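A.B. asks: Sending over work-v3.cif (mmCIF, C-alpha atoms).
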data_query
#
loop_
_atom_site.label_atom_id
_atom_site.label_comp_id
_atom_site.auth_asym_id
_atom_site.auth_seq_id
_atom_site.Cartn_x
_atom_site.Cartn_y
_atom_site.Cartn_z
CA MET A 1 -180.97 186.03 26.35
CA ILE A 2 -179.85 182.74 27.85
CA GLU A 3 -176.34 181.38 28.11
CA PHE A 4 -175.50 177.78 27.31
CA HIS A 5 -173.18 175.53 29.28
CA LEU A 6 -171.96 172.01 28.65
CA ASP A 7 -171.60 169.16 31.10
CA ALA A 8 -168.89 166.89 29.73
CA ARG A 9 -169.73 164.07 32.15
CA SER A 10 -173.48 163.95 31.59
CA GLY A 11 -173.27 161.37 28.79
CA VAL A 12 -175.75 163.50 26.84
CA SER A 13 -174.41 164.66 23.46
CA PRO A 14 -173.55 168.37 23.22
CA TYR A 15 -176.28 169.13 20.70
CA GLN A 16 -178.92 167.48 22.90
CA GLN A 17 -177.71 169.45 25.89
CA LEU A 18 -178.31 172.68 23.95
CA VAL A 19 -181.81 171.53 22.92
CA GLN A 20 -182.65 170.59 26.51
CA GLN A 21 -181.41 173.90 27.87
CA VAL A 22 -183.64 175.84 25.47
CA ARG A 23 -186.63 173.63 26.30
CA ASN A 24 -185.99 174.07 30.02
CA ALA A 25 -185.71 177.84 29.65
CA LEU A 26 -189.03 177.81 27.80
CA ARG A 27 -190.65 175.67 30.46
CA LEU A 28 -189.41 177.82 33.30
CA GLY A 29 -190.48 181.03 31.59
CA LEU A 30 -186.90 182.33 31.14
CA LEU A 31 -187.51 182.63 27.41
CA HIS A 32 -190.63 184.15 25.85
CA GLU A 33 -192.03 184.43 22.37
CA GLY A 34 -189.93 186.82 20.31
CA ASP A 35 -186.79 186.40 22.42
CA GLN A 36 -183.59 185.80 20.51
CA LEU A 37 -181.37 182.78 21.06
CA PRO A 38 -177.61 183.40 21.19
CA THR A 39 -176.10 183.56 17.69
CA VAL A 40 -174.22 180.52 16.45
CA LYS A 41 -171.02 182.53 16.50
CA ASP A 42 -171.53 183.55 20.13
CA VAL A 43 -172.27 179.99 21.26
CA VAL A 44 -169.28 178.66 19.34
CA ALA A 45 -166.95 181.30 20.73
CA GLY A 46 -168.28 180.89 24.25
CA LEU A 47 -168.21 177.11 24.54
CA ALA A 48 -165.48 176.19 22.03
CA ILE A 49 -167.81 173.83 20.22
CA ASN A 50 -168.35 172.94 16.60
CA PRO A 51 -170.75 175.34 14.78
CA ASN A 52 -172.52 172.34 13.23
CA THR A 53 -173.49 171.22 16.74
CA VAL A 54 -175.25 174.52 17.38
CA LEU A 55 -176.88 174.51 13.95
CA LYS A 56 -178.12 170.98 14.54
CA ALA A 57 -179.63 171.92 17.88
CA TYR A 58 -181.33 175.01 16.41
CA ARG A 59 -182.64 172.96 13.48
CA GLU A 60 -184.19 170.46 15.87
CA LEU A 61 -185.85 173.25 17.88
CA GLU A 62 -187.09 174.74 14.61
CA HIS A 63 -188.45 171.36 13.57
CA GLU A 64 -190.38 171.21 16.85
CA GLY A 65 -191.87 174.60 16.06
CA LEU A 66 -190.29 176.27 19.10
CA VAL A 67 -188.01 178.68 17.27
CA ALA A 68 -187.65 180.19 13.81
CA ALA A 69 -184.52 181.35 12.02
CA ARG A 70 -184.57 184.75 10.36
CA PRO A 71 -181.71 184.66 7.84
CA GLY A 72 -179.04 187.24 8.59
CA VAL A 73 -180.72 188.27 11.85
CA GLY A 74 -180.81 185.31 14.19
CA THR A 75 -182.98 182.64 15.73
CA PHE A 76 -186.10 183.63 17.66
CA VAL A 77 -188.52 181.91 20.01
CA THR A 78 -191.92 181.38 18.38
CA ARG A 79 -193.69 179.37 21.04
CA THR A 80 -193.33 178.87 24.74
CA LEU A 81 -193.64 175.63 26.66
CA ALA A 82 -194.64 177.17 29.96
CA GLY A 83 -198.06 178.49 29.02
CA ALA A 84 -200.85 177.84 31.49
CA SER A 85 -198.81 175.28 33.41
CA LEU A 86 -196.37 177.91 34.64
CA ALA A 87 -198.95 179.18 37.12
CA ALA A 88 -199.15 175.71 38.61
CA HIS A 89 -195.38 175.55 39.25
CA GLY A 90 -195.52 177.46 42.54
CA PRO A 91 -198.10 175.30 44.35
CA LEU A 92 -196.55 172.11 42.97
CA ARG A 93 -193.13 173.16 44.17
CA ARG A 94 -194.55 173.83 47.65
CA ASP A 95 -196.17 170.36 47.66
CA LEU A 96 -192.87 168.85 46.70
CA GLU A 97 -191.03 170.78 49.41
CA ARG A 98 -193.50 169.49 52.01
CA TRP A 99 -193.02 165.96 50.70
CA LEU A 100 -189.22 166.34 50.86
CA ALA A 101 -189.39 167.54 54.45
CA LYS A 102 -191.54 164.51 55.28
CA ALA A 103 -189.10 162.14 53.58
CA ARG A 104 -186.20 163.62 55.57
CA ARG A 105 -188.13 163.29 58.85
CA ALA A 106 -188.69 159.64 57.95
CA GLY A 107 -184.91 159.25 57.82
CA LEU A 108 -184.28 159.10 54.07
CA ASP A 109 -180.96 160.52 52.88
CA GLU A 110 -180.55 162.37 49.58
CA GLU A 111 -179.68 159.29 47.59
CA SER A 112 -182.68 157.36 48.90
CA ILE A 113 -184.98 160.28 48.10
CA GLU A 114 -183.67 160.48 44.56
CA ALA A 115 -183.97 156.74 44.07
CA LEU A 116 -187.54 156.69 45.43
CA PHE A 117 -188.54 159.61 43.24
CA ALA A 118 -186.96 158.11 40.12
CA ALA A 119 -188.55 154.70 40.72
CA THR A 120 -192.00 156.21 41.34
CA PHE A 121 -191.62 158.47 38.31
CA ARG A 122 -190.70 155.53 36.08
CA GLY A 123 -193.51 153.40 37.54
CA ALA A 124 -196.07 156.10 36.88
CA ALA A 125 -194.76 156.63 33.35
CA GLN A 126 -195.09 152.92 32.65
CA GLN A 127 -198.67 152.86 33.92
CA ASP A 128 -199.44 155.72 31.53
CA ILE A 129 -198.16 153.64 28.62
CA ALA A 130 -199.99 150.44 29.62
CA MET B 1 -166.29 178.33 -3.68
CA SER B 2 -165.65 175.22 -5.76
CA ALA B 3 -166.15 172.87 -2.85
CA PRO B 4 -165.43 169.28 -3.78
CA SER B 5 -167.42 166.69 -1.87
CA ALA B 6 -164.29 165.31 -0.21
CA VAL B 7 -161.70 167.37 1.56
CA LEU B 8 -159.32 164.44 1.81
CA ARG B 9 -159.39 161.19 -0.07
CA ALA B 10 -156.80 158.46 0.41
CA GLU B 11 -156.58 155.12 -1.32
CA GLY B 12 -154.19 152.44 -0.05
CA LEU B 13 -151.97 155.23 1.25
CA GLY B 14 -148.72 154.20 2.93
CA ARG B 15 -145.42 155.68 3.99
CA LYS B 16 -142.26 153.79 4.90
CA TYR B 17 -139.26 155.19 6.79
CA ARG B 18 -136.34 152.86 6.03
CA ARG B 19 -137.86 149.51 6.98
CA LEU B 20 -140.72 150.72 9.19
CA TRP B 21 -144.19 151.54 7.95
CA ALA B 22 -145.36 154.72 9.67
CA LEU B 23 -148.67 154.48 7.88
CA SER B 24 -150.07 151.61 5.84
CA ASP B 25 -153.10 150.76 3.80
CA CYS B 26 -154.88 153.98 4.70
CA THR B 27 -158.15 154.45 2.86
CA LEU B 28 -160.19 157.50 3.86
CA ASP B 29 -162.93 159.69 2.50
CA VAL B 30 -163.33 162.83 4.60
CA PRO B 31 -166.29 165.05 3.63
CA ALA B 32 -165.84 168.81 3.26
CA GLY B 33 -167.16 171.29 5.81
CA LYS B 34 -166.24 169.16 8.82
CA VAL B 35 -164.00 169.53 11.79
CA VAL B 36 -162.14 166.25 11.77
CA GLY B 37 -160.40 164.85 14.83
CA LEU B 38 -157.43 162.56 14.30
CA VAL B 39 -156.70 160.53 17.40
CA GLY B 40 -154.34 157.69 18.26
CA PRO B 41 -151.40 156.79 20.48
CA ASN B 42 -147.96 158.32 19.96
CA GLY B 43 -146.25 156.87 16.92
CA ALA B 44 -149.53 155.73 15.35
CA GLY B 45 -148.85 157.71 12.18
CA LYS B 46 -150.89 160.87 12.78
CA THR B 47 -148.11 163.32 11.88
CA THR B 48 -147.14 161.21 8.88
CA LEU B 49 -150.72 161.33 7.56
CA LEU B 50 -151.00 165.09 8.13
CA SER B 51 -147.59 165.75 6.56
CA MET B 52 -148.69 163.92 3.43
CA ALA B 53 -151.98 165.85 3.37
CA VAL B 54 -150.13 169.17 3.25
CA GLY B 55 -147.50 167.96 0.76
CA MET B 56 -144.48 167.97 3.06
CA LEU B 57 -144.05 164.24 2.63
CA ARG B 58 -144.57 162.01 -0.42
CA PRO B 59 -146.40 158.69 -0.12
CA THR B 60 -144.51 155.43 -0.57
CA THR B 61 -147.63 153.65 -1.79
CA GLY B 62 -151.16 154.60 -2.75
CA THR B 63 -152.67 158.00 -3.48
CA ILE B 64 -153.84 161.02 -1.53
CA GLU B 65 -156.04 163.81 -2.82
CA VAL B 66 -156.74 167.02 -0.88
CA LEU B 67 -159.54 169.38 -2.01
CA GLY B 68 -159.49 167.50 -5.31
CA GLY B 69 -155.79 168.17 -5.98
CA ARG B 70 -152.41 166.65 -5.26
CA PRO B 71 -150.93 167.95 -1.96
CA GLY B 72 -148.24 170.59 -2.44
CA ASP B 73 -148.83 170.65 -6.20
CA GLY B 74 -148.30 174.26 -7.25
CA PRO B 75 -149.04 177.65 -5.68
CA GLU B 76 -152.81 177.39 -5.95
CA GLN B 77 -152.98 174.13 -4.01
CA LEU B 78 -150.58 175.53 -1.40
CA ALA B 79 -152.75 178.63 -0.97
CA ARG B 80 -155.82 176.51 -0.26
CA VAL B 81 -154.29 174.49 2.58
CA GLY B 82 -153.13 175.98 5.88
CA TYR B 83 -150.84 173.99 8.16
CA VAL B 84 -149.97 174.54 11.79
CA ALA B 85 -147.27 172.01 12.64
CA GLN B 86 -146.75 170.28 15.97
CA ASP B 87 -146.09 172.62 18.92
CA THR B 88 -147.28 175.62 16.83
CA PRO B 89 -143.82 176.77 15.68
CA THR B 90 -143.02 180.45 15.07
CA TYR B 91 -139.78 182.29 14.19
CA ALA B 92 -138.21 183.06 17.56
CA GLY B 93 -136.12 186.02 16.32
CA LEU B 94 -138.97 187.72 14.43
CA THR B 95 -141.54 190.05 15.94
CA VAL B 96 -145.29 189.51 15.73
CA GLU B 97 -145.39 192.30 13.13
CA ASP B 98 -142.69 190.50 11.09
CA HIS B 99 -144.82 187.36 11.11
CA LEU B 100 -147.82 189.24 9.76
CA ARG B 101 -145.69 190.91 7.04
CA LEU B 102 -144.29 187.50 6.10
CA GLY B 103 -147.80 186.11 5.93
CA ARG B 104 -148.93 188.97 3.69
CA HIS B 105 -146.05 188.47 1.24
CA LEU B 106 -146.21 184.70 1.10
CA ASN B 107 -149.96 184.13 0.83
CA PRO B 108 -151.98 185.33 -2.18
CA ARG B 109 -155.30 185.20 -0.30
CA TRP B 110 -153.94 186.88 2.87
CA ASP B 111 -156.55 188.75 4.93
CA ASP B 112 -154.52 191.46 6.63
CA ALA B 113 -157.46 193.09 8.41
CA LEU B 114 -158.42 189.78 9.97
CA ALA B 115 -154.87 189.09 11.12
CA ARG B 116 -154.44 192.56 12.68
CA ASP B 117 -157.83 192.43 14.32
CA ARG B 118 -156.99 189.08 15.90
CA ILE B 119 -153.62 190.26 17.19
CA ALA B 120 -155.24 193.39 18.63
CA ARG B 121 -157.93 191.34 20.35
CA LEU B 122 -155.30 189.05 21.84
CA GLY B 123 -153.64 192.09 23.36
CA VAL B 124 -150.21 191.15 22.04
CA ASP B 125 -147.69 193.91 21.34
CA PRO B 126 -146.84 193.63 17.59
CA ALA B 127 -143.27 194.72 18.30
CA ARG B 128 -142.66 191.79 20.63
CA LYS B 129 -140.39 188.97 19.48
CA ALA B 130 -142.01 185.53 19.17
CA SER B 131 -139.47 184.07 21.58
CA ARG B 132 -140.83 186.38 24.30
CA LEU B 133 -144.48 185.31 23.90
CA SER B 134 -146.17 182.85 26.26
CA GLY B 135 -146.99 179.38 24.95
CA GLY B 136 -150.62 180.33 24.54
CA GLN B 137 -149.78 183.55 22.68
CA ARG B 138 -147.37 181.72 20.38
CA ALA B 139 -150.08 179.17 19.56
CA GLN B 140 -152.52 182.00 18.89
CA LEU B 141 -149.99 183.69 16.58
CA ALA B 142 -149.57 180.46 14.62
CA LEU B 143 -153.36 180.09 14.45
CA THR B 144 -153.67 183.70 13.26
CA LEU B 145 -151.28 183.00 10.38
CA GLY B 146 -153.23 179.83 9.54
CA ILE B 147 -156.62 181.59 9.57
CA ALA B 148 -155.57 184.83 7.83
CA LYS B 149 -154.18 182.77 4.97
CA ARG B 150 -157.88 182.09 4.23
CA PRO B 151 -157.43 178.42 3.39
CA ASP B 152 -160.22 176.02 2.43
CA LEU B 153 -158.61 173.42 4.69
CA LEU B 154 -156.72 174.07 7.90
CA VAL B 155 -154.54 171.23 9.19
CA LEU B 156 -153.35 171.38 12.80
CA ASP B 157 -151.00 168.83 14.34
CA GLU B 158 -151.56 168.63 18.12
CA PRO B 159 -152.04 172.39 18.42
CA VAL B 160 -153.09 172.42 22.09
CA ALA B 161 -150.89 169.65 23.54
CA SER B 162 -148.51 171.98 25.33
CA LEU B 163 -151.04 174.61 26.42
CA ASP B 164 -152.53 175.13 29.89
CA PRO B 165 -156.31 174.51 30.17
CA LEU B 166 -157.27 178.19 29.80
CA ALA B 167 -155.03 178.80 26.77
CA ARG B 168 -156.33 175.55 25.29
CA ARG B 169 -159.93 176.63 25.67
CA GLU B 170 -159.23 180.07 24.19
CA PHE B 171 -157.39 178.53 21.25
CA LEU B 172 -160.30 176.19 20.49
CA GLN B 173 -162.85 179.00 20.90
CA ASP B 174 -161.00 181.05 18.30
CA LEU B 175 -160.61 178.08 15.99
CA MET B 176 -164.36 177.35 16.18
CA GLU B 177 -165.17 181.00 15.58
CA ALA B 178 -163.09 180.86 12.41
CA VAL B 179 -164.93 177.73 11.31
CA ALA B 180 -168.28 179.46 11.87
CA GLU B 181 -167.24 182.59 9.98
CA GLN B 182 -165.17 181.24 7.12
CA GLU B 183 -166.60 177.81 6.37
CA VAL B 184 -163.13 176.34 6.51
CA SER B 185 -162.69 172.57 6.89
CA VAL B 186 -160.37 171.52 9.69
CA ILE B 187 -158.34 168.41 10.43
CA LEU B 188 -156.69 168.39 13.83
CA SER B 189 -154.89 165.73 15.80
CA SER B 190 -155.08 165.57 19.58
CA HIS B 191 -154.84 163.24 22.53
CA LEU B 192 -157.57 165.06 24.38
CA VAL B 193 -160.77 163.25 23.52
CA SER B 194 -162.85 165.62 25.65
CA ASP B 195 -161.67 168.53 23.47
CA LEU B 196 -162.32 166.57 20.30
CA GLU B 197 -165.83 165.74 21.47
CA ARG B 198 -166.62 169.44 21.70
CA VAL B 199 -165.05 170.69 18.53
CA CYS B 200 -165.17 167.80 16.06
CA ASP B 201 -167.99 166.25 14.08
CA HIS B 202 -165.90 163.61 12.35
CA LEU B 203 -163.34 161.27 13.86
CA ILE B 204 -160.46 159.12 12.60
CA VAL B 205 -158.85 156.64 14.99
CA LEU B 206 -155.34 155.64 13.96
CA VAL B 207 -153.55 152.79 15.76
CA ASP B 208 -150.30 151.06 14.80
CA SER B 209 -150.11 152.88 11.45
CA ARG B 210 -153.61 151.80 10.44
CA VAL B 211 -157.03 153.44 10.40
CA ARG B 212 -159.15 151.54 12.93
CA VAL B 213 -162.37 153.44 12.45
CA ALA B 214 -163.50 156.67 10.78
CA GLY B 215 -166.84 158.41 10.51
CA ASP B 216 -169.19 161.13 11.71
CA ILE B 217 -169.15 161.16 15.50
CA ASP B 218 -172.96 160.98 15.77
CA ASP B 219 -172.98 157.87 13.58
CA LEU B 220 -170.10 156.30 15.48
CA LEU B 221 -171.83 156.83 18.83
CA ALA B 222 -175.16 155.54 17.53
CA GLY B 223 -173.52 152.47 15.98
CA HIS B 224 -171.46 151.26 18.94
CA HIS B 225 -172.72 149.63 22.14
CA ARG B 226 -171.44 147.96 25.26
CA LEU B 227 -173.08 144.57 25.77
CA THR B 228 -173.04 142.79 29.10
CA GLY B 229 -174.52 139.35 29.64
CA PRO B 230 -173.95 135.72 30.58
CA ARG B 231 -170.66 134.35 29.31
CA ARG B 232 -170.75 133.62 25.61
CA ASP B 233 -168.40 132.87 22.74
CA PRO B 234 -168.27 135.97 20.49
CA ALA B 235 -168.03 133.68 17.47
CA SER B 236 -171.69 132.75 18.07
CA LEU B 237 -172.85 136.36 17.61
CA PRO B 238 -174.88 137.40 14.57
CA VAL B 239 -172.84 138.72 11.63
CA ALA B 240 -174.31 142.21 12.05
CA LEU B 241 -172.23 142.62 15.23
CA HIS B 242 -168.52 143.35 14.94
CA VAL B 243 -166.65 142.87 18.16
CA VAL B 244 -164.23 145.70 19.00
CA THR B 245 -163.18 144.49 22.44
CA GLU B 246 -164.20 141.55 24.55
CA SER B 247 -163.54 140.55 28.12
CA HIS B 248 -164.83 137.52 29.95
CA THR B 249 -165.09 136.28 33.51
CA ASP B 250 -166.19 132.74 34.31
CA VAL B 251 -169.84 133.81 34.25
CA GLN B 252 -170.02 137.08 32.34
CA SER B 253 -169.03 138.54 28.98
CA THR B 254 -168.58 142.25 28.27
CA LEU B 255 -168.26 143.29 24.65
CA VAL B 256 -167.89 146.56 22.81
CA VAL B 257 -169.50 146.05 19.42
CA ARG B 258 -170.18 147.94 16.24
CA ALA B 259 -173.71 147.07 15.14
CA ASP B 260 -175.35 147.70 11.78
CA GLY B 261 -178.78 147.76 13.44
CA PRO B 262 -180.36 147.60 16.89
CA VAL B 263 -179.22 144.85 19.26
CA LEU B 264 -182.35 142.81 19.92
CA ASP B 265 -181.07 139.75 21.81
CA PRO B 266 -182.64 140.09 25.30
CA ALA B 267 -179.71 138.18 26.87
CA TRP B 268 -177.60 141.35 26.54
CA ALA B 269 -177.85 144.44 28.66
CA VAL B 270 -177.10 147.18 26.12
CA SER B 271 -175.54 150.47 27.17
CA GLU B 272 -174.26 153.44 25.22
CA LEU B 273 -170.61 154.43 24.95
CA SER B 274 -169.07 157.81 25.47
CA LEU B 275 -166.69 159.00 22.76
CA GLU B 276 -163.79 158.39 25.12
CA ASP B 277 -164.92 154.78 25.72
CA LEU B 278 -165.21 154.28 22.00
CA VAL B 279 -161.75 155.66 21.24
CA LEU B 280 -160.18 153.64 24.07
CA ALA B 281 -161.92 150.48 22.85
CA TYR B 282 -160.38 150.89 19.41
CA MET B 283 -156.99 151.76 20.84
CA SER B 284 -156.88 148.72 23.11
CA GLY B 285 -158.80 146.22 21.03
CA SER B 286 -156.60 146.20 17.95
CA LYS B 287 -156.39 142.43 17.78
CA THR B 288 -160.11 141.80 17.45
CA VAL B 289 -161.17 144.76 15.35
CA ASP B 290 -161.45 143.12 12.00
CA ARG B 291 -163.60 140.17 12.92
CA GLY B 292 -166.74 140.08 10.86
CA ARG B 293 -167.51 141.07 7.33
CA ARG B 294 -164.73 143.50 6.58
CA ALA B 295 -162.04 142.32 4.20
CA PRO B 296 -158.87 141.07 5.89
CA LEU B 297 -156.01 143.57 5.92
CA GLU B 298 -153.22 143.02 3.46
CA VAL B 299 -149.65 142.59 4.58
CA LEU B 300 -147.79 145.27 2.70
CA SER B 301 -144.12 144.83 3.52
#
With the file now loaded, output its structure as structure tokens.

C.D. replies:
Amino acid sequence: MIEFHLDARSGVSPYQQLVQQVRNALRLGLLHEGDQLPTVKDVVAGLAINPNTVLKAYRELEHEGLVAARPGVGTFVTRTLAGASLAAHGPLRRDLERWLAKARRAGLDEESIEALFAATFRGAAQQDIA
Amino acid sequence: MSAPSAVLRAEGLGRKYRRLWALSDCTLDVPAGKVVGLVGPNGAGKTTLLSMAVGMLRPTTGTIEVLGGRPGDGPEQLARVGYVAQDTPTYAGLTVEDHLRLGRHLNPRWDDALARDRIARLGVDPARKASRLSGGQRAQLALTLGIAKRPDLLVLDEPVASLDPLARREFLQDLMEAVAEQEVSVILSSHLVSDLERVCDHLIVLVDSRVRVAGDIDDLLAGHHRLTGPRRDPASLPVALHVVTESHTDVQSTLVVRADGPVLDPAWAVSELSLEDLVLAYMSGSKTVDRGRRAPLEVLS
């Protein structure tokens, strides 16, 4: 079972934050097929948010084929996003750690590293589209 | 449940105290099954609107319909609407137990098990007098009475204004739990936009006794943008853009607009608004709100 949290300053709407947190948990292997998501009542009581927000998030996840609602029982994970790629996380993370160490040795501070990463990421994404 | 499509419908609704209009020309159509936030500065007319919705105050002009009936019209209508007034009042000299007994005798749909369960969960001694409860406990007692009445609509006037952050969060958690379990519609007024953003899915902004904007929060956020670009006269904008606020320097214009479609003009840098930005724009930009296609407001007095 995962637990949701909300970041009021993120600028991302509450329902999208819930969707993202489920997707992330699926990607990181925290949630597996057959696992239950927190009930609407539990999320509502935990976060003090509108039940419709939770329902909307669960509907979107259902629409994407990631979860399925069993009436009267709850909402369950039907597909995972990690799959084969999860095995690649470890080596990729170590590559990234080496790169980060290199960036720091070159004198980049945290903000510069983030900016460089974001710009490269966007650039690469644009090349994919073109 | 005979759920009508609108939980509250107002048409040209107005209320005058002596020579001052506390609310004027209020036309609203609030769908059922929502948690509605009512926001606006002090003295904007929020309490006046809520008082008319629960039948404690009669309109001077126009009509108001709540759950398809006239507010305060007979025992059945009264049983369907719960009301927690400003500062969540309770009877200081009565015990918690007295309050529950009162609730049971006065409300035909009273859910005694629910009320007792809530009081037990709150850990409040039923023999304690209301005057000896903390602010948070008093608010929870008032909420308990409102929920156990099993209304179709629960109206709360600034229920969390005087509570500390923890009591506020607990109050809203319990309110949302009731919404999830009982399918009750809620209208609540508050100054705390961050709270409203969590709990509400519909918003009404009231400024200077008039409704500035009302709608589902998702639609409101999708339909409003902040535009920044080279200085420009707002009158030259396309008709599909309604300016909410504008500010200009000698070279730059910054506008908050309501747009019926996407903003395509490449001269503008378009950014999204938070709910707080949106509410503040309507609160501060009252003079420019009605530019555009909407009918001019009537002068009523």

A.B. asks: Do you have, as a tab-separated table, the list of residues of chain B lying at most 7 Å from chain A, each with its nearest atom pair and that distance in Å to one decimal, counting only C-alpha atoms and ordered by chain then number?

C.D. replies:
residue	atom	partner	partner_atom	distance
B:Arg169	CA	A:Ala48	CA	6.7
B:Leu172	CA	A:Ala48	CA	5.4
B:Gln173	CA	A:Ala48	CA	4.0
B:Asp174	CA	A:Ala45	CA	6.4
B:Met176	CA	A:Asn50	CA	6.0
B:Glu177	CA	A:Ala45	CA	5.5
B:Ala180	CA	A:Pro51	CA	5.6
B:Arg198	CA	A:Ile49	CA	4.8
B:Val199	CA	A:Asn50	CA	4.4
B:Cys200	CA	A:Asn50	CA	6.1
B:Ser274	CA	A:Gly11	CA	6.4

A.B. asks: Can you list what the PyMOL selection byres ((chain B and resi 233-248) around 7) grabs from this structure, as an mmCIF file with C-alpha atoms, in the frame of the given file?

C.D. replies:
data_model
loop_
_atom_site.group_PDB
_atom_site.id
_atom_site.type_symbol
_atom_site.label_atom_id
_atom_site.label_comp_id
_atom_site.auth_asym_id
_atom_site.auth_seq_id
_atom_site.Cartn_x
_atom_site.Cartn_y
_atom_site.Cartn_z
ATOM 1 C CA ARG B 231 -170.660 134.350 29.310
ATOM 2 C CA ARG B 232 -170.750 133.620 25.610
ATOM 3 C CA THR B 249 -165.090 136.280 33.510
ATOM 4 C CA ASP B 250 -166.190 132.740 34.310
ATOM 5 C CA GLN B 252 -170.020 137.080 32.340
ATOM 6 C CA SER B 253 -169.030 138.540 28.980
ATOM 7 C CA THR B 254 -168.580 142.250 28.270
ATOM 8 C CA LEU B 255 -168.260 143.290 24.650
ATOM 9 C CA VAL B 256 -167.890 146.560 22.810
ATOM 10 C CA VAL B 257 -169.500 146.050 19.420
ATOM 11 C CA ARG B 258 -170.180 147.940 16.240
ATOM 12 C CA ALA B 259 -173.710 147.070 15.140
ATOM 13 C CA ASP B 260 -175.350 147.700 11.780
ATOM 14 C CA ALA B 281 -161.920 150.480 22.850
ATOM 15 C CA TYR B 282 -160.380 150.890 19.410
ATOM 16 C CA GLY B 285 -158.800 146.220 21.030
ATOM 17 C CA THR B 288 -160.110 141.800 17.450
ATOM 18 C CA VAL B 289 -161.170 144.760 15.350
ATOM 19 C CA ARG B 291 -163.600 140.170 12.920
ATOM 20 C CA GLY B 292 -166.740 140.080 10.860
#

A.B. asks: So that I can check the surroundings of region 4-9 of chain B, please list as a JSON list (two decimals) with C-alpha atoms, in the coordinates of the input every protein, DNA and RNA residue that reaches within 7 Å of it, counting only C-alpha atoms and ignoring chain neighbours fewer than 6 positions away.

C.D. replies:
[["chain", "number", "residue", "atom", "x", "y", "z"],
["B", 28, "LEU", "CA", -160.19, 157.50, 3.86],
["B", 29, "ASP", "CA", -162.93, 159.69, 2.50],
["B", 30, "VAL", "CA", -163.33, 162.83, 4.60],
["B", 31, "PRO", "CA", -166.29, 165.05, 3.63],
["B", 32, "ALA", "CA", -165.84, 168.81, 3.26],
["B", 64, "ILE", "CA", -153.84, 161.02, -1.53],
["B", 65, "GLU", "CA", -156.04, 163.81, -2.82],
["B", 66, "VAL", "CA", -156.74, 167.02, -0.88],
["B", 67, "LEU", "CA", -159.54, 169.38, -2.01],
["B", 68, "GLY", "CA", -159.49, 167.50, -5.31]]

A.B. asks: Counting all atoms listed in the file, select every polymer residue within 7 Å of (-191.6, 174.1, 36.2) as defined in the file's coordinates, and provide the selection as a list in words.

C.D. replies: Arg27, Leu28, Leu86 and His89 of chain A

A.B. asks: Measure the distance from CA of Ala142 (chain B) to CA of Arg118 (chain B) in Å and round it to one decimal.

C.D. replies: 11.4 Å

A.B. asks: Counting all atoms listed in the file, which residue out of B:Ser24, B:Thr63, B:Gln182, B:Ser162 sits closest to Pro89 (chain B)?

C.D. replies: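 Counting all atoms listed in the file, the residue closest to Pro89 (chain B) is B:Ser162.
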
A.B. asks: What does the PyMOL selection byres ((chain B and resi 128) around 10) select in this file, as a list of chain:residue names?

C.D. replies: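 Selected by the PyMOL selection byres ((chain B and resi 128) around 10) in this file: B:Gly93, B:Leu94, B:Thr95, B:Val96, B:Glu97, B:Asp98, B:Val124, B:Asp125, B:Pro126, B:Ala127, B:Lys129, B:Ala130, B:Ser131, B:Arg132, B:Leu133.
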
A.B. asks: Show me, as a list in words, the residues that have an atom within 6 Å of region 206-212 of chain B when counting all atoms listed in the file, minus same-chain residues fewer than 5 positions from it.

C.D. replies: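 That gives Ala22, Leu23, Ser24, Gly40, Ala44 and Gly45 of chain B.
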
A.B. asks: Apply the PyMOL selection byres ((chain A and resi 57-63) around 12) to the structure shown and report the selected residues as a PyMOL selection string.

C.D. replies: chain A and resi 4+13-23+26+36-40+43+50-56+64-70+74-81

A.B. asks: So what do you get for CA of Leu141 (chain B) versus CA of Gly69 (chain B), distance-wise?

C.D. replies: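 CA of Gly69 (chain B) lies 28.0 Å from CA of Leu141 (chain B).
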
A.B. asks: Go ahead and compute the interatomic distance for CA of Asp25 (chain B) and CA of Ser189 (chain B), in Å to one decimal.

C.D. replies: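 If I compute the distance from CA of Asp25 (chain B) to CA of Ser189 (chain B), I get 19.3 Å.
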
A.B. asks: Dig up all the protein and nucleic acid residues within 6 Å of (-141.3, 157.9, 2.8) in the file frame, using all atoms listed in the file, and format them as a PDB file with C-alpha atoms, in the frame of the given file.

C.D. replies:
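This is the output file part31.pdb:
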ATOM      1  CA  ARG B  15    -145.420 155.680   3.990  1.00  0.00           C
ATOM      2  CA  LYS B  16    -142.260 153.790   4.900  1.00  0.00           C
ATOM      3  CA  TYR B  17    -139.260 155.190   6.790  1.00  0.00           C
ATOM      4  CA  PRO B  59    -146.400 158.690  -0.120  1.00  0.00           C
ATOM      5  CA  THR B  60    -144.510 155.430  -0.570  1.00  0.00           C
TER       6      THR B  60
END

A.B. asks: For Asp157 (chain B), which residue out of B:Thr27, B:Asn42, B:Ser284, B:Ser51 is the nearest one, using all atoms listed in the file?

C.D. replies: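 Of the candidates, the smallest distance to Asp157 (chain B) is held by B:Ser51.
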